[in-house]
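Shown here: work_13.txt, compact mmCIF, C-alpha atoms.
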# COMPACT_ATOMS: atom_id res chain seq x y z
CA MET A 1 1.98 7.74 0.10
CA ARG A 2 0.12 10.34 2.05
CA LEU A 3 -1.72 13.36 0.69
CA HIS A 4 -2.39 16.82 1.97
CA ALA A 5 -6.03 17.15 3.00
CA GLY A 6 -6.73 19.39 0.02
CA VAL A 7 -5.41 16.98 -2.59
CA THR A 8 -8.07 15.09 -4.55
CA ALA A 9 -8.81 11.40 -4.31
CA THR A 10 -7.59 11.07 -7.89
CA ALA A 11 -4.13 11.93 -6.70
CA ALA A 12 -4.50 9.35 -3.96
CA LEU A 13 -5.25 6.73 -6.57
CA ALA A 14 -2.32 7.83 -8.68
CA LEU A 15 0.05 7.89 -5.72
CA SER A 16 -0.87 4.36 -4.74
CA LEU A 17 0.73 3.10 -7.95
CA THR A 18 4.03 2.51 -6.19
CA LEU A 19 5.84 2.98 -2.91
CA GLY A 20 9.20 4.01 -4.25
CA ALA A 21 9.25 4.81 -7.93
CA GLY A 22 7.79 7.92 -9.53
CA THR A 23 4.09 8.60 -9.28
CA ALA A 24 1.56 9.08 -12.02
CA SER A 25 0.13 12.53 -12.69
CA SER A 26 -3.25 13.26 -11.18
CA LEU A 27 -6.15 14.10 -13.43
CA PRO A 28 -8.10 17.39 -13.29
CA THR A 29 -11.24 17.41 -11.18
CA SER A 30 -12.66 20.84 -11.89
CA SER A 31 -13.61 19.88 -15.43
CA PRO A 32 -14.07 16.65 -17.42
CA PRO A 33 -10.90 14.88 -18.55
CA ALA A 34 -9.56 16.04 -21.88
CA GLY A 35 -11.23 14.24 -24.73
CA SER A 36 -14.45 13.50 -22.87
CA SER A 37 -17.85 14.41 -24.22
CA ALA A 38 -18.78 18.06 -23.66
CA SER A 39 -22.42 17.22 -23.08
CA ALA A 40 -23.64 15.76 -19.82
CA PRO A 41 -25.17 12.25 -19.88
CA ALA A 42 -28.96 11.92 -19.84
CA GLY A 43 -28.74 10.96 -16.15
CA PRO A 44 -26.05 9.97 -13.68
CA VAL A 45 -24.28 6.70 -14.39
CA ARG A 46 -24.75 4.03 -11.73
CA PRO A 47 -22.12 1.30 -12.13
CA ALA A 48 -23.05 -2.18 -10.93
CA LEU A 49 -20.59 -4.72 -9.61
CA PRO A 50 -20.72 -8.25 -11.04
CA ALA A 51 -22.76 -10.68 -8.96
CA PRO A 52 -20.85 -13.17 -6.81
CA THR A 53 -20.66 -16.72 -8.14
CA GLY A 54 -20.52 -18.75 -4.92
CA ARG A 55 -23.43 -20.66 -3.39
CA HIS A 56 -23.64 -18.71 -0.13
CA PRO A 57 -25.75 -15.56 0.31
CA VAL A 58 -23.59 -12.79 1.78
CA GLY A 59 -24.12 -10.65 4.85
CA THR A 60 -22.11 -7.63 5.91
CA THR A 61 -21.60 -5.37 8.91
CA GLU A 62 -19.23 -2.61 9.96
CA LEU A 63 -17.04 -2.37 13.04
CA HIS A 64 -15.63 0.80 14.58
CA LEU A 65 -12.42 -0.25 16.34
CA VAL A 66 -10.41 1.94 18.74
CA ASP A 67 -6.91 1.00 19.90
CA ARG A 68 -6.55 2.86 23.18
CA ASP A 69 -3.00 1.54 23.63
CA ARG A 70 -1.68 3.03 20.40
CA PRO A 71 -1.61 6.73 19.47
CA ASP A 72 -2.43 7.70 15.91
CA PRO A 73 0.93 8.37 14.19
CA TRP A 74 -0.48 11.11 11.97
CA LEU A 75 -2.46 13.22 14.47
CA THR A 76 -1.18 13.97 17.95
CA GLY A 77 -3.39 13.33 20.94
CA ARG A 78 -5.62 10.79 19.20
CA ASP A 79 -6.04 7.08 19.78
CA ARG A 80 -5.72 4.98 16.65
CA GLU A 81 -9.20 4.14 15.33
CA LEU A 82 -10.28 2.14 12.31
CA MET A 83 -13.36 1.29 10.29
CA VAL A 84 -13.64 -2.23 8.91
CA SER A 85 -16.30 -4.16 7.02
CA VAL A 86 -16.99 -7.83 7.65
CA TRP A 87 -18.40 -9.91 4.77
CA TYR A 88 -19.61 -13.40 5.64
CA PRO A 89 -21.80 -16.32 4.52
CA ALA A 90 -25.32 -15.61 5.75
CA ARG A 91 -27.99 -18.06 6.88
CA THR A 92 -30.71 -15.97 5.23
CA THR A 93 -31.11 -12.63 3.49
CA SER A 94 -34.85 -12.31 4.00
CA GLY A 95 -35.87 -8.98 5.52
CA HIS A 96 -32.37 -7.50 5.42
CA PRO A 97 -31.62 -4.51 3.15
CA ARG A 98 -28.73 -4.19 0.74
CA PRO A 99 -26.26 -1.57 2.01
CA PRO A 100 -24.82 1.24 -0.10
CA TYR A 101 -21.53 0.59 -1.83
CA LEU A 102 -20.09 3.82 -0.40
CA ARG A 103 -21.11 5.36 2.91
CA PRO A 104 -23.02 8.65 2.39
CA GLY A 105 -20.11 10.95 3.21
CA VAL A 106 -17.70 8.98 1.04
CA ALA A 107 -20.22 9.02 -1.82
CA ARG A 108 -20.53 12.81 -1.52
CA PHE A 109 -16.76 13.11 -1.56
CA ALA A 110 -16.56 10.91 -4.65
CA ASP A 111 -19.12 13.08 -6.42
CA GLU A 112 -17.56 16.38 -5.39
CA SER A 113 -14.13 15.20 -6.50
CA GLY A 114 -15.55 14.54 -9.97
CA SER A 115 -15.48 10.75 -9.55
CA PHE A 116 -11.77 10.75 -8.81
CA GLY A 117 -11.03 12.94 -11.82
CA LEU A 118 -12.89 10.72 -14.28
CA ALA A 119 -16.07 12.78 -14.66
CA ARG A 120 -17.85 15.88 -13.44
CA PRO A 121 -19.87 16.27 -10.25
CA GLY A 122 -23.30 14.79 -10.85
CA ASP A 123 -22.21 12.45 -13.63
CA VAL A 124 -22.04 9.33 -11.42
CA ASP A 125 -24.61 8.19 -8.86
CA TRP A 126 -22.19 6.84 -6.27
CA ALA A 127 -24.80 7.09 -3.52
CA GLY A 128 -27.21 4.86 -5.46
CA ILE A 129 -24.90 1.87 -5.93
CA ARG A 130 -25.76 -1.13 -3.75
CA THR A 131 -23.66 -4.17 -2.90
CA ALA A 132 -24.69 -7.78 -3.47
CA ALA A 133 -24.65 -8.39 0.30
CA VAL A 134 -27.30 -7.63 2.91
CA THR A 135 -26.90 -5.80 6.20
CA SER A 136 -26.73 -7.60 9.56
CA ALA A 137 -28.11 -10.96 8.42
CA PRO A 138 -27.40 -13.87 10.78
CA ALA A 139 -24.11 -15.60 10.00
CA ASP A 140 -23.89 -19.17 8.77
CA HIS A 141 -21.29 -20.38 11.26
CA ARG A 142 -21.60 -24.12 10.63
CA GLY A 143 -18.14 -25.66 10.71
CA GLY A 144 -16.37 -22.33 11.19
CA ARG A 145 -15.20 -20.18 8.30
CA PRO A 146 -11.63 -19.32 7.31
CA VAL A 147 -10.92 -15.61 7.77
CA VAL A 148 -9.28 -13.46 5.08
CA LEU A 149 -8.22 -9.84 5.58
CA TYR A 150 -8.00 -7.21 2.84
CA SER A 151 -5.89 -4.04 2.81
CA PRO A 152 -6.39 -1.46 0.02
CA GLY A 153 -3.84 0.71 -1.77
CA LEU A 154 -2.52 3.94 -0.32
CA GLY A 155 -5.27 6.55 -0.27
CA VAL A 156 -7.87 4.12 -1.61
CA PRO A 157 -11.08 3.38 0.36
CA ARG A 158 -11.65 -0.24 1.36
CA ALA A 159 -14.90 -0.12 -0.63
CA PHE A 160 -12.97 -0.47 -3.88
CA GLY A 161 -12.19 -4.06 -2.92
CA THR A 162 -15.85 -4.97 -2.45
CA SER A 163 -16.28 -7.19 -5.52
CA THR A 164 -13.54 -9.58 -4.45
CA ALA A 165 -14.62 -9.55 -0.80
CA VAL A 166 -18.21 -10.46 -1.67
CA GLU A 167 -17.02 -13.18 -4.03
CA LEU A 168 -14.86 -14.81 -1.37
CA ALA A 169 -17.68 -14.56 1.19
CA SER A 170 -20.02 -16.28 -1.28
CA ARG A 171 -17.42 -19.07 -1.43
CA GLY A 172 -17.52 -19.61 2.31
CA TYR A 173 -14.95 -17.19 3.72
CA VAL A 174 -15.30 -14.40 6.27
CA VAL A 175 -13.57 -11.38 4.71
CA VAL A 176 -12.54 -8.32 6.71
CA THR A 177 -11.74 -5.18 4.70
CA VAL A 178 -9.82 -2.39 6.46
CA ASP A 179 -9.54 1.38 6.00
CA HIS A 180 -6.24 2.86 7.20
CA THR A 181 -7.34 6.12 8.81
CA HIS A 182 -5.67 9.44 7.91
CA GLU A 183 -4.18 7.77 4.85
CA THR A 184 -7.32 6.50 3.13
CA ASP A 185 -9.27 9.42 1.69
CA PRO A 186 -11.78 9.66 3.27
CA VAL A 187 -12.86 7.33 6.09
CA GLU A 188 -16.42 7.70 7.42
CA PHE A 189 -17.11 6.89 11.07
CA PRO A 190 -20.46 6.45 12.88
CA GLY A 191 -22.50 9.65 12.94
CA GLY A 192 -21.14 10.76 9.57
CA ARG A 193 -17.74 12.00 10.79
CA LEU A 194 -15.23 12.05 7.94
CA GLU A 195 -11.52 11.71 8.58
CA ARG A 196 -9.16 12.77 5.80
CA PRO A 197 -5.37 12.66 5.40
CA ALA A 198 -3.56 15.17 7.58
CA GLU A 199 -0.08 15.25 6.05
CA PRO A 200 1.73 14.14 2.91
CA ILE A 201 3.95 11.07 2.82
CA ASP A 202 6.98 12.22 0.88
CA THR A 203 10.09 10.75 2.48
CA VAL A 204 11.37 7.24 2.90
CA ALA A 205 10.99 7.62 6.66
CA GLU A 206 7.32 8.55 6.23
CA ARG A 207 6.79 5.58 3.97
CA ARG A 208 8.27 3.34 6.61
CA THR A 209 5.85 4.85 9.10
CA ALA A 210 2.92 4.23 6.74
CA ILE A 211 3.71 0.54 6.30
CA ARG A 212 4.54 0.07 9.98
CA THR A 213 1.18 1.67 10.85
CA ARG A 214 -0.69 -0.51 8.40
CA VAL A 215 0.88 -3.68 9.78
CA ALA A 216 -0.01 -2.60 13.32
CA ASP A 217 -3.57 -1.88 12.12
CA ILE A 218 -3.94 -5.42 10.77
CA ARG A 219 -2.50 -7.00 13.91
CA PHE A 220 -4.92 -4.97 16.04
CA VAL A 221 -7.82 -6.09 13.84
CA LEU A 222 -6.73 -9.70 14.38
CA ASP A 223 -6.70 -9.09 18.15
CA ARG A 224 -10.25 -7.71 18.01
CA LEU A 225 -11.42 -10.65 15.92
CA GLU A 226 -10.10 -12.94 18.64
CA ALA A 227 -12.19 -10.99 21.15
CA LEU A 228 -15.22 -11.32 18.88
CA ARG A 229 -14.66 -15.06 18.59
CA ALA A 230 -14.52 -15.27 22.39
CA GLY A 231 -17.95 -13.65 22.67
CA ALA A 232 -17.09 -9.96 23.15
CA ASN A 233 -18.41 -7.10 21.04
CA PRO A 234 -15.34 -5.16 19.79
CA ASP A 235 -17.34 -2.29 18.26
CA ALA A 236 -16.39 0.94 20.03
CA GLY A 237 -20.02 2.04 20.18
CA GLY A 238 -21.34 -1.35 21.21
CA ARG A 239 -23.54 -1.58 18.12
CA ARG A 240 -25.47 -4.81 17.76
CA LEU A 241 -23.66 -7.43 15.69
CA PRO A 242 -25.12 -10.09 13.39
CA ARG A 243 -26.18 -13.22 15.23
CA GLY A 244 -23.55 -15.96 15.10
CA LEU A 245 -20.80 -13.75 13.63
CA GLY A 246 -18.22 -14.55 16.28
CA ARG A 247 -18.86 -18.28 16.04
CA ALA A 248 -18.33 -18.11 12.27
CA LEU A 249 -14.67 -17.13 12.70
CA ASP A 250 -12.12 -19.92 12.39
CA LEU A 251 -9.00 -18.05 13.51
CA ASP A 252 -6.81 -21.11 13.04
CA ARG A 253 -7.12 -20.49 9.30
CA ILE A 254 -6.25 -16.90 8.37
CA GLY A 255 -5.27 -15.45 5.00
CA MET A 256 -4.60 -11.95 3.75
CA TYR A 257 -4.49 -10.15 0.43
CA GLY A 258 -4.20 -6.57 -0.67
CA HIS A 259 -3.79 -4.22 -3.60
CA SER A 260 -0.70 -2.07 -4.10
CA ALA A 261 0.42 -0.91 -0.62
CA GLY A 262 -2.16 -3.37 0.69
CA GLY A 263 -0.22 -6.18 -0.95
CA ILE A 264 2.93 -4.88 0.68
CA THR A 265 1.05 -4.86 3.98
CA SER A 266 0.03 -8.49 3.46
CA ALA A 267 3.62 -9.61 2.96
CA GLU A 268 5.06 -7.56 5.80
CA THR A 269 2.30 -8.62 8.20
CA MET A 270 3.08 -12.27 7.46
CA ARG A 271 6.75 -11.61 8.23
CA VAL A 272 6.00 -10.41 11.76
CA ASP A 273 2.78 -12.26 12.64
CA ASP A 274 2.53 -16.01 12.21
CA ARG A 275 -1.23 -15.93 12.72
CA VAL A 276 -1.50 -15.23 8.98
CA ASP A 277 -1.07 -18.53 7.14
CA ALA A 278 -1.13 -17.45 3.48
CA GLY A 279 -1.05 -14.16 1.59
CA VAL A 280 -1.34 -12.41 -1.77
CA ASP A 281 0.25 -9.21 -3.06
CA MET A 282 -1.73 -7.67 -5.91
CA ASP A 283 0.71 -5.39 -7.77
CA GLY A 284 2.46 -3.83 -4.78
CA THR A 285 6.19 -3.24 -5.11
CA LEU A 286 8.13 -4.32 -2.00
CA GLN A 287 10.35 -1.29 -1.65
CA TYR A 288 10.43 2.11 0.06
CA SER A 289 12.70 3.55 -2.63
CA ASP A 290 14.88 2.36 -5.48
CA GLU A 291 17.65 1.71 -2.95
CA GLU A 292 15.73 0.34 0.05
CA PHE A 293 13.63 -2.83 0.05
CA LEU A 294 11.19 -3.78 2.78
CA PRO A 295 12.41 -6.36 5.31
CA VAL A 296 10.11 -9.01 3.80
CA ALA A 297 11.77 -8.51 0.40
CA ARG A 298 15.19 -8.98 2.00
CA GLU A 299 14.17 -12.00 4.08
CA GLY A 300 11.36 -13.76 2.17
CA LEU A 301 8.63 -15.91 3.74
CA ASP A 302 8.34 -19.55 4.71
CA ARG A 303 4.55 -19.77 4.18
CA PRO A 304 2.42 -19.75 1.01
CA PHE A 305 2.42 -16.47 -0.89
CA MET A 306 1.23 -15.44 -4.34
CA LEU A 307 2.35 -12.43 -6.36
CA MET A 308 -0.25 -11.07 -8.81
CA GLY A 309 1.04 -8.34 -11.08
CA THR A 310 0.97 -7.15 -14.67
CA ALA A 311 3.43 -7.29 -17.54
CA GLN A 312 5.10 -4.24 -15.97
CA GLN A 313 5.61 -5.94 -12.59
CA THR A 314 6.74 -9.55 -12.18
CA HIS A 315 9.56 -11.07 -10.18
CA ALA A 316 11.50 -11.24 -13.44
CA ASN A 317 11.52 -7.46 -13.94
CA THR A 318 10.97 -5.95 -10.46
CA PRO A 319 14.06 -6.12 -8.21
CA SER A 320 12.19 -6.15 -4.88
CA TRP A 321 9.93 -8.96 -6.09
CA GLN A 322 12.98 -10.88 -7.36
CA SER A 323 14.65 -10.52 -3.96
CA PHE A 324 11.48 -11.73 -2.21
CA TRP A 325 11.10 -14.61 -4.67
CA ASP A 326 14.68 -15.82 -4.28
CA ARG A 327 14.49 -15.78 -0.48
CA SER A 328 11.04 -17.28 0.04
CA THR A 329 11.03 -20.96 0.91
CA GLY A 330 7.27 -21.50 1.12
CA TRP A 331 4.85 -22.34 -1.69
CA LYS A 332 4.84 -19.47 -4.21
CA ARG A 333 3.40 -18.36 -7.54
CA ASP A 334 3.81 -15.27 -9.70
CA LEU A 335 0.79 -14.61 -11.93
CA SER A 336 0.77 -11.77 -14.44
CA LEU A 337 -2.44 -10.17 -15.75
CA GLU A 338 -0.65 -9.38 -18.97
CA ARG A 339 -2.85 -6.62 -20.42
CA GLY A 340 -4.11 -5.33 -17.09
CA GLY A 341 -3.31 -2.09 -15.31
CA HIS A 342 -2.56 -1.28 -11.70
CA PHE A 343 -6.23 -0.68 -10.81
CA SER A 344 -7.42 -3.80 -12.58
CA TYR A 345 -6.97 -5.32 -9.13
CA THR A 346 -9.73 -3.09 -7.70
CA ASP A 347 -13.39 -2.37 -8.49
CA PHE A 348 -12.19 0.17 -11.05
CA GLN A 349 -11.88 -2.84 -13.37
CA THR A 350 -15.70 -2.77 -13.43
CA HIS A 351 -16.43 0.91 -12.76
CA LEU A 352 -14.27 2.48 -15.42
CA PRO A 353 -15.74 0.60 -18.41
CA ALA A 354 -19.23 1.47 -17.13
CA LEU A 355 -18.28 5.15 -16.92
CA ASP A 356 -16.57 4.98 -20.31
CA ALA A 357 -19.74 3.67 -21.97
CA HIS A 358 -21.60 6.85 -20.95
CA LEU A 359 -18.94 9.50 -20.42
CA ASP A 360 -16.37 8.80 -23.15
CA ILE A 361 -13.31 8.43 -20.95
CA PRO A 362 -10.08 9.12 -22.90
CA ALA A 363 -8.37 5.92 -24.00
CA GLU A 364 -5.09 6.90 -22.36
CA THR A 365 -6.86 7.45 -19.03
CA ARG A 366 -8.58 4.08 -19.17
CA GLU A 367 -5.32 2.36 -20.09
CA MET A 368 -3.45 4.10 -17.25
CA TYR A 369 -5.93 2.73 -14.72
CA ILE A 370 -6.92 -0.72 -16.03
CA GLY A 371 -4.86 -1.42 -19.12
CA THR A 372 -6.50 -2.98 -22.17
CA VAL A 373 -7.63 -6.30 -20.71
CA ASP A 374 -11.22 -7.45 -21.16
CA ALA A 375 -12.95 -6.40 -17.93
CA ALA A 376 -15.18 -9.47 -17.53
CA ARG A 377 -12.33 -11.91 -18.18
CA SER A 378 -10.05 -10.03 -15.81
CA THR A 379 -12.62 -10.14 -13.01
CA ALA A 380 -13.34 -13.83 -13.56
CA ALA A 381 -9.64 -14.69 -13.54
CA GLN A 382 -8.89 -12.78 -10.36
CA ARG A 383 -11.81 -14.39 -8.56
CA ALA A 384 -10.81 -17.86 -9.73
CA TYR A 385 -7.14 -17.63 -8.75
CA LEU A 386 -7.73 -15.93 -5.39
CA THR A 387 -10.35 -18.52 -4.44
CA ALA A 388 -8.12 -21.38 -5.61
CA PHE A 389 -5.20 -20.01 -3.60
CA PHE A 390 -7.11 -19.71 -0.34
CA ASP A 391 -8.92 -23.00 -0.94
CA ARG A 392 -5.60 -24.80 -1.28
CA HIS A 393 -3.81 -23.17 1.63
CA LEU A 394 -6.60 -22.54 4.14
CA ARG A 395 -8.89 -25.49 3.34
CA ASP A 396 -6.37 -28.03 2.05
CA ARG A 397 -8.37 -28.53 -1.14
CA PRO A 398 -6.53 -29.49 -4.35
CA ARG A 399 -6.77 -26.75 -6.95
CA PRO A 400 -5.09 -27.72 -10.26
CA LEU A 401 -5.78 -24.19 -11.54
CA LEU A 402 -2.70 -23.09 -9.58
CA ASP A 403 -0.43 -25.66 -11.23
CA ALA A 404 -0.36 -24.56 -14.86
CA PRO A 405 -1.84 -22.01 -17.29
CA SER A 406 -5.54 -22.47 -18.00
CA PRO A 407 -7.29 -21.89 -21.35
CA ALA A 408 -10.24 -20.60 -19.32
CA HIS A 409 -8.13 -17.61 -18.26
CA PRO A 410 -5.99 -16.62 -21.24
CA ASP A 411 -5.05 -13.23 -19.74
CA ILE A 412 -3.05 -14.84 -16.90
CA ARG A 413 0.59 -15.77 -17.47
CA PHE A 414 2.53 -17.97 -15.04
CA VAL A 415 5.90 -16.28 -14.53
CA PRO A 416 8.62 -18.92 -14.13
Could you write out this file's structure as structure tokens?
Amino acid sequence: MRLHAGVTATAALALSLTLGAGTASSLPTSSPPAGSSASAPAGPVRPALPAPTGRHPVGTTELHLVDRDRPDPWLTGRDRELMVSVWYPARTTSGHPRPPYLRPGVARFADESGSFGLARPGDVDWAGIRTAAVTSAPADHRGGRPVVLYSPGLGVPRAFGTSTAVELASRGYVVVTVDHTHETDPVEFPGGRLERPAEPIDTVAERRTAIRTRVADIRFVLDRLEALRAGANPDAGGRRLPRGLGRALDLDRIGMYGHSAGGITSAETMRVDDRVDAGVDMDGTLQYSDEEFLPVAREGLDRPFMLMGTAQQTHANTPSWQSFWDRSTGWKRDLSLERGGHFSYTDFQTHLPALDAHLDIPAETREMYIGTVDAARSTAAQRAYLTAFFDRHLRDRPRPLLDAPSPAHPDIRFVP
């Protein structure tokens, strides 16, 4: 759901909880959350993402993409433009710097918003966080790499899916993470230009527009990746790309996953575009309202798809998921992170415990975002099951982890 430009990013996070049911209340941003420590920490907290576990070093680059054949649905007189990040196995990391986790303007926004309502300005050093990848390193294109796209929740920057993207890249995938402009809050373009939401998304018709726009965004990104594979430079500014990046793309093996509305986007994109071979929905309900399901929930899919939810959302207790489950004829699984929360499927699974250790986040706030699951076990489980899923369906590798519950991941329940 869309926000007015003056609404905080906290509200964006809260609104991404669902696409049809009621939304969570946003937290205050002008002062620390109730129950937090009155005294400021000794210095700003700098959360660190867990290191990737794969054998490949990871490179990254950004692409500014402009669709001159499609007007932006939210602002009149503008072509649709996107920012994406590409994460890929690198041949070497020597001499290449680690990029910031958030672009400078997005980091300033995060600080000024009070860390999305979780702290006060100055409490968190968002600008100082670095990723585990390196910028513009040459790509390891040997053999071609399966491509996986990632779509974030409504209002949520693509950066909050970095941990999973870097993990998959370290396992040999090229991962493309996408910001959906004028819905994500904010998106930073070359030169420091920030684009923020222009209107709210309040009605069912506007929600349809949001999902339709997201699906068109992903299909356009796939088109531009095909141009990149063919030797073109799709960046709107013609910025230099990492050596070998186009040759690394195996576009005969494409997957997609997403959180919340991004998971909805994954399913709906697969319904209309058979270039995507396998997909994952991470806690995104497949409905515009209590009465209206998305087409993919009414029709199902004939290709591999995995639902990853929490105890509050499985196909056994969510009508749109049940409809999708009953109508899907392809390989399918429903995995429940039993003690997780909606934002356990984002980098907030790591960030919030780090902030809590220094800033005394109220227990009810932490539970609203990430539940009560152990953060390290949750992260390890998500990485393991996502990698196993794409390994099986994009690389044709047997992965018994997907066949039955594992004692190594006790927080995951297989929903029959």
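Considering all atoms listed in the file, the residue among A:Leu286, A:Val276, A:Leu154, A:Val58 positioned nearest to A:Pro200 is A:Leu154.
One distance worth recording is that between atom CA of A:Ala198 and atom CA of A:Arg158, which is 18.5 Å.
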Give me, as JSON lines, each residue of stretch 244-361 of chain A that comes within 8 Å of stretch 407-412 of chain A, together with its shortest interatomic pair and the distance in Å at one decimal, counting only C-alpha atoms, with rows ordered by chain and rising residue number.
{"residue": "A:Leu335", "atom": "CA", "partner": "A:Ile412", "partner_atom": "CA", "distance": 6.3}
{"residue": "A:Ser336", "atom": "CA", "partner": "A:Ile412", "partner_atom": "CA", "distance": 5.5}
{"residue": "A:Leu337", "atom": "CA", "partner": "A:Ile412", "partner_atom": "CA", "distance": 4.8}
{"residue": "A:Glu338", "atom": "CA", "partner": "A:Asp411", "partner_atom": "CA", "distance": 5.9}
{"residue": "A:Arg339", "atom": "CA", "partner": "A:Asp411", "partner_atom": "CA", "distance": 7.0}
Atom CA of A:Asn317 to atom CA of A:Val415, distance in Å rounded to a single decimal: 10.5 Å
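Rounded to one decimal, atom CA of A:Pro71 and atom CA of A:Val176 lie 22.6 Å from each other.
Nearest to A:Asp403 of all the residues A:Arg253, A:Arg377, A:Arg193, A:Arg333 is A:Arg333, counting all atoms listed in the file.
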Box centre and edge lengths (Å, one decimal), axis-aligned, stretch 68-82 of chain A plus 3 Å each side, as lines of an AutoDock Vina configuration file:
center_x = -4.7
center_y = 7.8
center_z = 17.8
size_x = 17.2
size_y = 18.4
size_z = 17.7
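Using all atoms listed in the file for every distance, the candidate list A:His56, A:Arg70, A:Arg142, A:Arg397 yields A:His56 as the residue closest to A:Ala169.
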Each residue of stretch 197-238 of chain A lying at most 12 Å from stretch 294-311 of chain A should get a row with its shortest atom-to-atom pair and the distance in Å to one decimal, counting all atoms listed in the file; could you produce that, ordered by chain and increasing number, as JSON lines?
{"residue": "A:Val204", "atom": "CA", "partner": "A:Leu294", "partner_atom": "CA", "distance": 11.0}
{"residue": "A:Arg207", "atom": "CA", "partner": "A:Leu294", "partner_atom": "CA", "distance": 10.4}
{"residue": "A:Arg208", "atom": "CA", "partner": "A:Leu294", "partner_atom": "CA", "distance": 8.6}
{"residue": "A:Thr209", "atom": "CA", "partner": "A:Leu294", "partner_atom": "CA", "distance": 12.0}
{"residue": "A:Ile211", "atom": "CA", "partner": "A:Leu294", "partner_atom": "CA", "distance": 9.3}
{"residue": "A:Arg212", "atom": "CA", "partner": "A:Leu294", "partner_atom": "CA", "distance": 10.5}
Using the selection just defined, write its residues with C-alpha atoms as a CSV table (one decimal), in the frame of the given file.
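As a result, out.csv now contains:
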chain,number,residue,atom,x,y,z
A,204,VAL,CA,11.4,7.2,2.9
A,207,ARG,CA,6.8,5.6,4.0
A,208,ARG,CA,8.3,3.3,6.6
A,209,THR,CA,5.8,4.8,9.1
A,211,ILE,CA,3.7,0.5,6.3
A,212,ARG,CA,4.5,0.1,10.0
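Using only C-alpha atoms, the smallest distance between any of A:Val134, A:Leu75, A:Ala205, A:Val156 and A:Phe343 comes from A:Val156.
The smallest atom-to-atom distance between A:Pro52 and any of A:Trp325, A:Gly255, A:Arg383, A:Arg275, using all atoms listed in the file, is found for A:Arg383.
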Point (-16.2, 11.8, -8.1) neighbourhood (10 Å, only C-alpha atoms) written as a PyMOL selection string: chain A and resi 8-10+29+106-126
